[in-house]
>>> print(open('target.cif').read())   # mmCIF, C-alpha atoms
data_upload
#
loop_
_atom_site.label_atom_id
_atom_site.label_comp_id
_atom_site.auth_asym_id
_atom_site.auth_seq_id
_atom_site.Cartn_x
_atom_site.Cartn_y
_atom_site.Cartn_z
CA MET V 1 139.05 110.34 99.50
CA SER V 2 140.68 109.53 102.82
CA ALA V 3 142.74 112.72 102.43
CA ALA V 4 139.58 114.85 102.37
CA VAL V 5 139.32 115.23 106.13
CA PRO V 6 142.96 116.18 106.82
CA ILE V 7 142.80 118.65 103.91
CA PHE V 8 139.57 120.08 105.29
CA ILE V 9 141.18 120.53 108.73
CA ALA V 10 144.22 122.18 107.18
CA VAL V 11 142.04 124.54 105.11
CA ILE V 12 140.08 125.60 108.20
CA LEU V 13 143.20 126.32 110.23
CA LEU V 14 145.01 128.10 107.39
CA THR V 15 141.97 130.29 106.72
CA ALA V 16 141.85 131.06 110.44
CA CYS V 17 145.52 132.15 110.43
CA PHE V 18 144.98 134.21 107.29
CA LYS V 19 141.96 135.94 108.77
CA ARG V 20 143.67 136.35 112.16
CA VAL V 21 140.95 134.49 114.02
CA ASP V 22 141.67 133.57 117.65
CA VAL V 23 141.81 129.82 116.92
CA CYS V 24 142.37 128.69 120.50
CA ALA V 25 139.40 130.58 121.96
CA ALA V 26 137.03 129.50 119.19
CA PHE V 27 138.23 125.89 119.27
CA TYR V 28 137.91 125.73 123.05
CA GLU V 29 134.34 126.93 122.96
CA GLY V 30 133.23 124.49 120.26
CA ALA V 31 135.15 121.54 121.68
CA MET V 32 133.84 122.17 125.20
CA GLU V 33 130.24 122.24 123.99
CA ASN V 34 130.60 118.86 122.29
CA LEU V 35 132.52 117.36 125.22
CA LYS V 36 129.54 118.22 127.38
CA THR V 37 127.20 116.62 124.83
CA ALA V 38 129.29 113.45 124.92
CA ALA V 39 129.17 113.39 128.72
CA GLU V 40 125.40 113.94 128.68
CA LEU V 41 125.07 111.03 126.26
CA CYS V 42 126.80 108.64 128.66
CA PRO V 43 124.05 107.77 131.20
CA THR V 44 121.48 107.04 128.45
CA LEU V 45 124.04 105.00 126.58
CA ILE V 46 124.79 102.89 129.68
CA LEU V 47 121.14 101.85 129.97
CA LEU V 48 120.82 101.28 126.22
CA MET V 49 124.00 99.25 125.90
CA THR V 50 122.99 97.08 128.85
CA ALA V 51 119.66 96.29 127.15
CA ILE V 52 121.33 95.67 123.80
CA GLU V 53 124.11 93.48 125.24
CA MET V 54 121.47 91.42 127.07
CA PHE V 55 119.38 91.17 123.93
CA SER V 56 122.27 89.90 121.84
CA GLY V 57 123.89 87.92 124.68
CA SER V 58 120.73 85.90 125.25
CA GLY V 59 120.54 85.04 121.56
CA ALA V 60 117.19 86.81 121.21
CA SER V 61 118.69 89.31 118.77
CA GLN V 62 119.97 86.53 116.49
CA ALA V 63 116.58 84.81 116.77
CA LEU V 64 114.83 88.01 115.68
CA SER V 65 117.27 88.55 112.81
CA GLY V 66 116.70 84.91 111.84
CA LEU V 67 112.97 85.42 111.88
CA LEU V 68 113.28 88.39 109.51
CA GLU V 69 115.96 86.65 107.44
CA PRO V 70 113.70 85.74 104.46
CA LEU V 71 112.80 89.43 104.10
CA THR V 72 116.28 90.86 104.67
CA SER V 73 118.09 88.35 102.44
CA ALA V 74 115.54 88.95 99.67
CA LEU V 75 116.46 92.64 99.87
CA GLY V 76 120.15 91.79 100.05
CA PHE V 77 120.83 93.11 103.58
CA PRO V 78 123.45 91.43 105.78
CA ALA V 79 121.55 89.71 108.63
CA GLU V 80 123.68 91.56 111.23
CA CYS V 81 122.16 94.90 110.16
CA THR V 82 118.56 93.96 111.04
CA PRO V 83 118.59 95.33 114.64
CA LEU V 84 120.18 98.58 113.42
CA MET V 85 117.46 99.11 110.80
CA LEU V 86 114.77 98.47 113.42
CA ILE V 87 116.06 101.00 115.95
CA ARG V 88 117.55 103.65 113.63
CA PRO V 89 114.37 105.74 113.06
CA ILE V 90 113.48 105.68 116.76
CA SER V 91 116.59 106.51 118.75
CA GLY V 92 119.95 108.06 117.91
CA SER V 93 121.79 106.84 121.00
CA GLY V 94 120.06 103.46 120.63
CA SER V 95 121.35 103.04 117.09
CA LEU V 96 124.79 104.15 118.23
CA ALA V 97 124.71 101.39 120.84
CA VAL V 98 123.51 98.81 118.28
CA LEU V 99 126.23 99.85 115.82
CA GLU V 100 128.85 99.46 118.56
CA ASN V 101 127.44 96.00 119.24
CA ILE V 102 127.66 95.06 115.53
CA LEU V 103 131.23 96.40 115.23
CA SER V 104 132.30 94.37 118.27
CA SER V 105 130.81 91.16 116.87
CA VAL V 106 132.02 91.27 113.25
CA PRO V 107 135.40 92.43 111.83
CA ALA V 108 135.55 96.15 110.95
CA GLU V 109 136.50 95.24 107.36
CA SER V 110 133.54 92.92 106.78
CA LEU V 111 130.75 93.86 104.41
CA ALA V 112 128.22 93.66 107.25
CA ALA V 113 130.16 96.17 109.39
CA ARG V 114 130.63 98.54 106.47
CA THR V 115 126.98 98.30 105.41
CA ALA V 116 125.96 99.06 109.00
CA CYS V 117 128.27 102.10 109.05
CA VAL V 118 126.86 103.45 105.78
CA MET V 119 123.31 102.88 107.05
CA MET V 120 124.12 104.73 110.26
CA GLY V 121 125.79 107.64 108.46
CA ALA V 122 123.18 108.05 105.74
CA THR V 123 119.97 107.95 107.79
CA GLU V 124 118.55 109.97 110.67
CA THR V 125 116.48 109.44 113.81
CA THR V 126 113.41 110.06 111.67
CA LEU V 127 110.57 109.56 114.17
CA TYR V 128 112.37 111.59 116.84
CA THR V 129 113.09 114.43 114.41
CA ILE V 130 109.47 114.58 113.24
CA ALA V 131 108.27 114.58 116.87
CA VAL V 132 110.65 117.39 117.89
CA TYR V 133 109.89 119.67 114.93
CA TYR V 134 106.14 119.20 114.91
CA GLY V 135 106.03 119.38 118.71
CA ALA V 136 107.88 122.71 118.69
CA VAL V 137 105.24 124.34 116.49
CA LYS V 138 102.33 122.45 118.12
CA ARG V 139 101.19 121.02 114.81
CA ARG V 140 99.98 117.47 114.33
CA ALA V 141 102.22 115.42 112.05
CA GLY V 142 99.98 113.70 109.51
CA ALA V 143 100.25 110.16 108.24
CA ARG V 144 101.62 111.43 104.91
CA ILE V 145 104.75 112.92 106.44
CA PHE V 146 105.49 109.72 108.37
CA ALA V 147 104.94 107.68 105.21
CA ALA V 148 107.25 109.88 103.13
CA CYS V 149 110.09 110.04 105.68
CA LEU V 150 109.97 106.36 106.64
CA ALA V 151 109.85 105.31 102.98
CA ALA V 152 112.92 107.48 102.42
CA ASP V 153 114.62 105.67 105.34
CA ALA V 154 113.78 102.29 103.85
CA ALA V 155 115.18 103.48 100.53
CA GLY V 156 118.25 104.70 102.41
CA PHE V 157 118.88 101.21 103.84
CA ILE V 158 118.54 99.67 100.38
CA PHE V 159 120.88 102.27 98.82
CA ALA V 160 123.34 101.74 101.71
CA SER V 161 123.53 98.02 101.04
CA ILE V 162 123.85 98.62 97.26
CA PHE V 163 126.68 101.16 97.64
CA ALA V 164 128.48 99.11 100.31
CA LYS V 165 128.44 96.13 97.90
CA LEU V 166 129.61 98.29 94.99
CA PHE V 167 132.54 99.71 96.96
CA PHE V 168 133.58 96.80 99.18
CA ALA V 169 132.29 93.47 97.87
CA MET U 1 108.56 104.90 123.38
CA LEU U 2 112.20 104.13 124.00
CA VAL U 3 111.52 102.93 127.53
CA PHE U 4 108.90 100.57 126.14
CA ILE U 5 111.35 99.14 123.62
CA LEU U 6 114.07 98.78 126.26
CA SER U 7 111.75 96.95 128.65
CA ALA U 8 110.56 94.72 125.82
CA MET U 9 114.16 93.93 124.84
CA ILE U 10 115.24 93.11 128.38
CA SER U 11 112.18 90.95 129.12
CA ALA U 12 112.60 89.19 125.76
CA SER U 13 116.26 88.50 126.62
CA VAL U 14 115.36 87.02 130.00
CA LEU U 15 112.52 84.90 128.59
CA TYR U 16 114.63 83.75 125.65
CA SER U 17 117.47 82.74 127.95
CA PHE U 18 114.98 80.62 129.97
CA TYR U 19 113.86 79.05 126.72
CA THR U 20 117.40 78.16 125.60
CA GLY U 21 118.50 77.36 129.15
CA ASP U 22 121.57 79.60 128.79
CA THR U 23 120.92 82.09 131.60
CA GLY U 24 124.66 82.56 132.14
CA GLY U 25 125.07 84.42 128.85
CA VAL U 26 122.44 86.98 129.65
CA SER U 27 123.69 87.57 133.20
CA ALA U 28 127.21 88.21 131.93
CA ALA U 29 125.82 90.48 129.22
CA ALA U 30 123.92 92.52 131.82
CA LEU U 31 127.26 93.67 133.17
CA THR U 32 129.32 94.05 129.98
CA GLY U 33 127.08 96.70 128.39
CA CYS U 34 127.73 99.45 130.94
CA GLY U 35 131.51 99.28 130.60
CA SER U 36 131.34 99.30 126.80
CA ALA U 37 128.99 102.30 126.97
CA VAL U 38 131.53 104.33 128.94
CA SER U 39 134.41 103.39 126.60
CA LEU U 40 132.24 104.24 123.60
CA CYS U 41 131.49 107.63 125.14
CA ILE U 42 135.18 108.31 125.68
CA ASP U 43 136.03 107.28 122.11
CA LEU U 44 133.29 109.49 120.75
CA ALA U 45 134.05 112.41 123.08
CA GLY U 46 137.43 113.00 121.42
CA ALA U 47 136.08 112.96 117.88
CA MET U 48 133.05 115.04 118.81
CA ALA U 49 135.11 117.64 120.63
CA LEU U 50 137.63 117.88 117.78
CA TRP U 51 134.83 118.38 115.29
CA GLY U 52 132.98 120.90 117.47
CA GLY U 53 136.18 122.89 117.94
CA LEU U 54 137.04 122.88 114.24
CA MET U 55 133.53 123.93 113.30
CA ALA U 56 133.63 126.80 115.79
CA VAL U 57 136.86 127.97 114.11
CA ALA U 58 135.26 127.52 110.67
CA GLU U 59 132.32 129.61 111.79
CA LYS U 60 134.63 132.45 112.93
CA CYS U 61 136.49 132.31 109.60
CA GLY U 62 133.31 132.68 107.59
CA ILE U 63 133.57 129.17 106.06
CA THR U 64 130.11 128.24 107.40
CA ASN U 65 128.76 131.45 105.90
CA ALA U 66 130.27 130.65 102.52
CA LEU U 67 128.59 127.21 102.53
CA ASN U 68 125.34 128.87 103.52
CA LYS U 69 125.60 131.18 100.48
CA LEU U 70 126.31 128.21 98.20
CA LEU U 71 123.07 126.61 99.38
CA GLN U 72 120.85 129.57 98.51
CA LYS U 73 120.33 128.53 94.87
CA PRO U 74 119.37 124.85 95.33
CA LEU U 75 117.20 125.67 98.35
CA GLY U 76 115.57 128.50 96.42
CA MET U 77 114.53 125.90 93.85
CA LEU U 78 113.02 123.61 96.47
CA PHE U 79 111.15 126.42 98.21
CA LYS U 80 110.43 128.40 95.06
CA ALA U 81 107.01 129.68 96.05
CA LEU U 82 108.02 130.62 99.60
CA PRO U 83 107.76 134.43 99.68
CA ASP U 84 109.23 134.98 103.15
CA PRO U 85 113.01 135.67 103.14
CA ALA U 86 113.19 135.12 106.94
CA ALA U 87 111.87 131.57 106.50
CA LYS U 88 114.36 130.93 103.69
CA LYS U 89 117.21 132.18 105.87
CA SER U 90 116.30 129.92 108.81
CA ILE U 91 115.99 126.95 106.44
CA SER U 92 119.41 127.50 104.90
CA LEU U 93 121.07 127.96 108.30
CA ASN U 94 119.53 124.68 109.49
CA ILE U 95 120.64 122.83 106.36
CA THR U 96 124.18 124.23 106.68
CA ALA U 97 124.37 122.98 110.28
CA ASN U 98 123.10 119.56 109.16
CA LEU U 99 125.64 119.29 106.33
CA LEU U 100 128.47 120.07 108.76
CA GLY U 101 127.19 117.58 111.33
CA LEU U 102 126.40 120.21 113.97
CA GLY U 103 123.48 118.39 115.58
CA ASN U 104 123.39 120.73 118.59
CA ALA U 105 123.06 123.81 116.43
CA ALA U 106 120.79 122.29 113.80
CA THR U 107 117.80 121.61 116.06
CA PRO U 108 117.15 125.16 117.37
CA LEU U 109 117.72 126.55 113.85
CA GLY U 110 115.31 123.95 112.48
CA ILE U 111 112.66 124.83 115.05
CA ALA U 112 113.02 128.50 114.09
CA ALA U 113 112.57 127.52 110.44
CA MET U 114 109.47 125.45 111.28
CA LYS U 115 107.97 128.44 113.09
CA GLU U 116 108.58 130.69 110.08
CA LEU U 117 107.09 128.07 107.73
CA CYS U 118 103.99 127.72 109.92
CA LYS U 119 103.40 131.49 109.76
CA GLN U 120 102.60 131.20 106.04
CA PRO U 121 98.90 131.12 105.05
CA GLU U 122 97.39 127.62 105.11
CA SER U 123 97.56 125.94 101.68
CA ALA U 124 98.58 122.71 99.99
CA LEU U 125 101.83 124.41 99.06
CA LYS U 126 102.58 125.31 102.67
CA ARG U 127 102.08 121.68 103.69
CA ARG U 128 104.46 120.60 100.94
CA HIS U 129 107.07 123.15 102.07
CA ILE U 130 106.88 121.84 105.64
CA ALA U 131 107.12 118.24 104.41
CA THR U 132 110.12 119.11 102.22
CA PHE U 133 111.84 120.77 105.15
CA ILE U 134 111.18 117.83 107.48
CA LEU U 135 112.49 115.43 104.85
CA LEU U 136 115.70 117.47 104.48
CA ASN U 137 116.17 116.92 108.21
CA THR U 138 115.27 113.22 108.38
CA ALA U 139 117.32 112.22 105.32
CA SER U 140 120.70 112.73 107.07
CA ILE U 141 122.71 114.94 104.72
CA GLN U 142 125.84 115.14 106.88
CA LEU U 143 128.93 115.41 104.67
CA ILE U 144 131.51 113.80 106.97
CA PRO U 145 130.44 110.81 109.10
CA MET U 146 132.63 111.75 112.08
CA THR U 147 131.11 109.50 114.78
CA VAL U 148 130.93 106.42 112.57
CA SER U 149 134.54 106.90 111.46
CA ALA U 150 135.72 107.29 115.06
CA MET U 151 133.97 104.01 115.93
CA ARG U 152 135.49 102.23 112.93
CA LEU U 153 138.96 103.42 113.95
CA GLU U 154 138.41 102.11 117.46
CA HIS U 155 137.44 98.71 116.03
CA GLY U 156 140.66 98.44 114.04
CA ALA U 157 139.69 99.62 110.57
CA PRO U 158 142.96 100.62 108.83
CA ASP U 159 141.18 103.36 106.86
CA PRO U 160 138.30 104.55 109.07
CA TRP U 161 137.18 107.10 106.45
CA ASP U 162 136.57 104.56 103.68
CA CYS U 163 132.81 104.63 104.26
CA THR U 164 132.59 108.38 103.61
CA LEU U 165 131.99 108.29 99.86
CA PRO U 166 129.43 105.45 99.90
CA THR U 167 127.68 107.28 102.77
CA ILE U 168 127.48 110.54 100.83
CA LEU U 169 126.23 108.73 97.70
CA THR U 170 123.62 106.86 99.76
CA SER U 171 122.48 110.12 101.37
CA ALA U 172 122.21 111.81 97.99
CA CYS U 173 120.13 108.99 96.46
CA THR U 174 117.91 108.82 99.55
CA LEU U 175 117.38 112.58 99.48
CA ILE U 176 116.42 112.60 95.79
CA PHE U 177 114.08 109.65 96.32
CA GLY U 178 112.50 111.38 99.34
CA LEU U 179 112.06 114.72 97.58
CA VAL U 180 110.34 113.06 94.61
CA LEU U 181 108.14 111.14 97.04
CA VAL U 182 107.16 114.32 98.92
CA ARG U 183 106.31 116.00 95.60
CA MET U 184 104.08 113.06 94.71
CA ILE U 185 102.40 112.67 98.11
CA PHE U 186 101.93 116.39 98.69
CA ALA U 187 100.58 117.16 95.25
CA VAL U 188 99.73 120.82 94.65
CA ARG U 189 97.11 121.56 92.00
CA LYS U 190 97.52 124.75 90.00
CA GLY U 191 94.62 126.51 91.69
CA ASP U 192 96.02 125.79 95.17
CA ALA U 193 99.28 127.59 94.58
CA ARG U 194 98.15 130.68 96.44
#
>>> encode(input="target.cif", output="structure tokens")
Amino acid sequence: MSAAVPIFIAVILLTACFKRVDVCAAFYEGAMENLKTAAELCPTLILLMTAIEMFSGSGASQALSGLLEPLTSALGFPAECTPLMLIRPISGSGSLAVLENILSSVPAESLAARTACVMMGATETTLYTIAVYYGAVKRRAGARIFAACLAADAAGFIFASIFAKLFFA
Amino acid sequence: MLVFILSAMISASVLYSFYTGDTGGVSAAALTGCGSAVSLCIDLAGAMALWGGLMAVAEKCGITNALNKLLQKPLGMLFKALPDPAAKKSISLNITANLLGLGNAATPLGIAAMKELCKQPESALKRRHIATFILLNTASIQLIPMTVSAMRLEHGAPDPWDCTLPTILTSACTLIFGLVLVRMIFAVRKGDAR
């Protein structure tokens, strides 16, 4: 499985050679666009990471996770993942910052870190996405759509913890 | 919304540190976050740029187009009663961008698809189509978790890609669950089909 990405890269570049695509020009354009996105992410991330570091540095984050512990342990979630699940549907850069915080506090090979990574990769910024799409067409998003998408997120967190356990525990 | 959460988090941290008496921890933390944010950005910038570049090459080679064609059948099943080919095309372009992790491209394509979907005559079926489309976008269907893997690598994971398969399986299960849920919540009676 870990070979999938290198193979994918090789396939893209070989196809490009075969089809005589100007690889450098195309790559430059795509890479530049994403570099700009990364730079634009930085200021927001600085504010977010400051808030998150303070929240976990003061012990408030652990206190909150502890408060929700009966619920999360009943569902089989590692306690470290609680803040990620809370912020994931609301903010993409916020969840990125929380994930970074989790990865710095537990070893990368731990079940908690891996569960957090699967949660991050398998869910979206649901509330933000709904707001953007409905806002763009000036339609009101009904309660049913929020219910469906947020229930799918909750299911996603449960599946993430199940698959992480199956693969890594 | 986010500002509210941030303010709540920071005030909670300050109050909690008064409660525990450990104000030193929170003051140190106030200064460590900004540095970590910049390093995180730099770590991510490389992976994001590599991916963006590769995807631009893939687009020029027609690989993105091929994936788009592959999606026609399954998407046709989800949006069976959608008569408008323009709407179907925007939907499949948006889904392709999502699968390849092209967040920047996916949003404008998705908005175009939403506009096409909203042009359809008002009916229970139309509302279900919109809900299905939104769910496809909120149930993260990205095939390769590039950002997460880059972060794992930075934190010393020997095989940063090892979460890829569980992530894809989780996404698939979540998507199926969500689609069934949308079908149940947005029930369409036979008479409403047109």
>>> closest_residue(input="target.cif", among="V:Phe146, V:Tyr134, V:Phe55, V:Phe157", to="chain U", atoms="only C-alpha atoms")
V:Phe55
>>> resolve_selection(input="target.cif", expression="the PyMOL selection byres ((chain U and resi 34-36) around 8)", output="PyMOL selection string")
(chain V and resi 45-47+49-50) or (chain U and resi 30-33+37-40)
>>> interface_residues(input="target.cif", of="chain V", to="chain U", cutoff="7 Å", atoms="all atoms listed in the file", output="ChimeraX atom specification")
/V:2,12,15-16,19,21,23,26-32,34-35,38,42,45-46,49-51,53-55,57-58,60,103,108-109,114,117-118,121-126,129-130,133,136-137,144-145,148-149,152,155-156,159-160,163-164
>>> atom_distance(input="target.cif", atom1="atom CA of Ala141 of chain V", atom2="atom CA of Leu86 of chain V")
21.1 Å
>>> resolve_selection(input="target.cif", expression="the PyMOL selection byres ((chain V and resi 71-81) around 7)", output="JSON, numbers by chain")
{"V": [65, 68, 69, 70, 82, 83, 84, 85, 102, 112, 116, 161]}
>>> resolve_selection(input="target.cif", expression="the PyMOL selection byres ((chain U and resi 82) around 9)", output="VMD selection string")
chain U and resid 76 79 to 81 83 to 85 87 to 88 117 120 125 to 126 129
>>> closest_residue(input="target.cif", among="U:Ala106, U:Ala150, U:Ile95, U:Val188", to="Leu75 of chain U", atoms="only C-alpha atoms")
U:Ile95
>>> atom_distance(input="target.cif", atom1="atom CA of Asn101 of chain V", atom2="atom CA of Ser56 of chain V")
8.4 Å
>>> atom_distance(input="target.cif", atom1="atom CA of Leu127 of chain V", atom2="atom CA of Glu40 of chain V")
21.2 Å
>>> axis_aligned_box(input="target.cif", around="segment 142-158 of chain U", padding_each_side="6 Å", output="JSON")
{"center_x": 134.4, "center_y": 106.9, "center_z": 111.1, "size_x": 29.1, "size_y": 29.0, "size_z": 24.8}
